[in-house]
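Student: There's a structure below that I have some questions on.
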Amino acid sequence: MLDNGVHHNVLLFGNLALALLSAFTYNMSRKGVEAESNSVFMLRVYGAMISRMMLCLAGITVYAVVNRANTSKYTIFMLMFFYAVYAVSENVSLQKITRQAKAK
């Protein structure tokens, strides 16, 4: 299961989970950006950010507890890299939507 210091199955499942979570939080943030009220904007954007962070933290914690003896630091760092990539791509896309809305 541990090839080259990385758990490939965990990375595959983690990437899939991050993609689904990113789609959910993107939709939530997009609705917040398009909202008329500032309070709705804050609620949705911060809610998406906190939920993404907490679910990722919970997933990595479960991985570390289940594989206590064989926990791979490389796997954890790669999952954090995937998290960063999804977060940056989500934010860039939301910025484009915001710029288009301001231009109209």
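Chains: A, B, ... in order of the structure tokens. Residues: from 1 per chain. Ligands: from 1, in order shown.
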For A:Leu79, work out the shell of residues within 9 Å, counting only C-alpha atoms and skipping chain neighbours fewer than 5 positions away, then give it as a compact mmCIF listing (two decimals) with all heavy atoms, in the first residue's frame.

Tutor:
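Okay, this is what ended up in around.txt:
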# COMPACT_ATOMS: atom_id res chain seq x y z
N VAL A 10 -5.18 6.77 -0.76
CA VAL A 10 -5.59 7.92 0.04
C VAL A 10 -5.56 9.18 -0.81
O VAL A 10 -6.46 10.02 -0.72
CB VAL A 10 -4.70 8.06 1.30
CG1 VAL A 10 -5.02 9.34 2.06
CG2 VAL A 10 -4.86 6.86 2.20
N LEU A 11 -4.52 9.34 -1.63
CA LEU A 11 -4.44 10.51 -2.50
C LEU A 11 -5.57 10.54 -3.51
O LEU A 11 -6.15 11.59 -3.78
CB LEU A 11 -3.09 10.55 -3.22
CG LEU A 11 -1.89 10.92 -2.38
CD1 LEU A 11 -0.62 10.84 -3.22
CD2 LEU A 11 -2.05 12.30 -1.79
N GLY A 14 -8.73 11.31 -1.52
CA GLY A 14 -8.64 12.70 -1.04
C GLY A 14 -8.84 13.70 -2.16
O GLY A 14 -9.52 14.71 -1.96
N ASN A 15 -8.28 13.44 -3.32
CA ASN A 15 -8.46 14.34 -4.46
C ASN A 15 -9.92 14.37 -4.91
O ASN A 15 -10.47 15.43 -5.19
CB ASN A 15 -7.55 13.91 -5.61
CG ASN A 15 -7.46 14.95 -6.70
OD1 ASN A 15 -7.79 16.10 -6.50
ND2 ASN A 15 -7.01 14.52 -7.86
N LEU A 18 -11.87 16.30 -2.26
CA LEU A 18 -11.60 17.73 -2.37
C LEU A 18 -12.29 18.34 -3.59
O LEU A 18 -12.77 19.47 -3.54
CB LEU A 18 -10.10 18.00 -2.44
CG LEU A 18 -9.36 17.95 -1.12
CD1 LEU A 18 -7.85 17.97 -1.35
CD2 LEU A 18 -9.78 19.10 -0.23
N CYS A 56 -11.48 19.26 5.62
CA CYS A 56 -10.14 18.81 5.24
C CYS A 56 -9.33 18.41 6.48
O CYS A 56 -8.64 17.40 6.48
CB CYS A 56 -9.41 19.89 4.46
SG CYS A 56 -10.07 20.13 2.83
N ILE A 60 -7.86 14.60 7.21
CA ILE A 60 -6.45 14.31 7.48
C ILE A 60 -6.28 13.70 8.86
O ILE A 60 -5.47 12.79 9.06
CB ILE A 60 -5.59 15.58 7.30
CG1 ILE A 60 -5.52 15.93 5.82
CG2 ILE A 60 -4.20 15.39 7.87
CD1 ILE A 60 -4.81 17.22 5.51
N TYR A 74 4.43 12.60 3.36
CA TYR A 74 4.33 13.01 1.96
C TYR A 74 2.87 13.03 1.50
O TYR A 74 2.46 13.93 0.76
CB TYR A 74 5.13 12.07 1.05
CG TYR A 74 6.61 12.10 1.32
CD1 TYR A 74 7.29 10.97 1.74
CD2 TYR A 74 7.34 13.28 1.16
CE1 TYR A 74 8.65 11.00 1.99
CE2 TYR A 74 8.69 13.32 1.41
CZ TYR A 74 9.34 12.18 1.83
OH TYR A 74 10.68 12.21 2.08
N ALA A 84 -4.74 23.53 -1.52
CA ALA A 84 -4.32 24.87 -1.97
C ALA A 84 -4.68 25.10 -3.43
O ALA A 84 -5.14 26.17 -3.80
CB ALA A 84 -2.83 25.06 -1.74

Student: When DSSP works through the backbone of this structure, what residues of stretch 2-100 of chain A end up as strand (DSSP E or B), shown as a PyMOL selection string?

Tutor: chain A and resi 2-3+6-7

Student: Give me the residues near stretch 87-99 of chain A as number ranges by chain, where near means some atom within 8 Å (using only C-alpha atoms) and where sequence neighbours in that chain fewer than 6 positions away do not count.

Tutor: A: 22, 26, 29-30, 33

Student: Do you know which residues are at most 9 Å from stretch 50-54 of chain A counting only C-alpha atoms, after dropping those on the same chain fewer than 5 positions away, and could you put them as a list in words?

Tutor: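 Contacts, in chain order: Leu18, Leu21, Ser22, Thr25, Val45, Gly59 and Tyr83 of chain A.
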
Student: Residues of the last selection are to be written out with N, CA and C atoms, as a CSV table (one decimal), in the first residue's frame.

Tutor:
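Contents of out.csv, freshly written:
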chain,number,residue,atom,x,y,z
A,18,LEU,N,-11.9,16.3,-2.3
A,18,LEU,CA,-11.6,17.7,-2.4
A,18,LEU,C,-12.3,18.3,-3.6
A,21,LEU,N,-16.0,18.6,-2.6
A,21,LEU,CA,-16.1,19.7,-1.6
A,21,LEU,C,-15.9,21.0,-2.2
A,22,SER,N,-15.0,21.1,-3.1
A,22,SER,CA,-14.7,22.4,-3.8
A,22,SER,C,-15.9,22.8,-4.7
A,25,THR,N,-18.5,24.2,-2.1
A,25,THR,CA,-18.1,25.5,-1.6
A,25,THR,C,-18.1,26.5,-2.6
A,45,VAL,N,-19.7,33.1,2.2
A,45,VAL,CA,-18.3,33.0,1.9
A,45,VAL,C,-17.5,32.5,3.0
A,59,GLY,N,-10.6,15.1,7.7
A,59,GLY,CA,-10.2,14.0,6.8
A,59,GLY,C,-8.7,13.6,7.1
A,83,TYR,N,-5.5,20.8,-1.6
A,83,TYR,CA,-6.3,21.8,-1.0
A,83,TYR,C,-6.0,23.2,-1.5

Student: Compare A:Arg68, A:Leu55, A:Val40, A:Phe82 by their minimum atom-to-atom distance to A:Leu16, counting only C-alpha atoms, and give me the closest one.

Tutor: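 Looking at the shortest contact to A:Leu16, the residue is A:Phe82.
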
Student: In chain A, what's helix (DSSP H, G or I) per DSSP? Answer as a PyMOL selection string?

Tutor: chain A and resi 8-33+38-66+73-103

Student: Quick one, how far is atom CA of A:Thr71 from atom CA of A:Val6?

Tutor: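 Result for atom CA of A:Thr71 versus atom CA of A:Val6: 9.1 Å, one decimal.
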
Student: Restricting the calculation to only C-alpha atoms, which member of A:Met42, A:Ile76, A:Tyr86, A:Phe81 is positioned closest to A:Leu20?

Tutor: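 Nearest candidate to A:Leu20 out of A:Met42, A:Ile76, A:Tyr86, A:Phe81: A:Tyr86.
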
Student: From the set A:Phe13, A:Phe77, A:Phe24, A:Tyr63, which residue has the shortest atom-to-atom contact distance to A:Ala48, counting only C-alpha atoms?

Tutor: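 Going through A:Phe13, A:Phe77, A:Phe24, A:Tyr63 one by one, the smallest distance to A:Ala48 is for A:Phe24.
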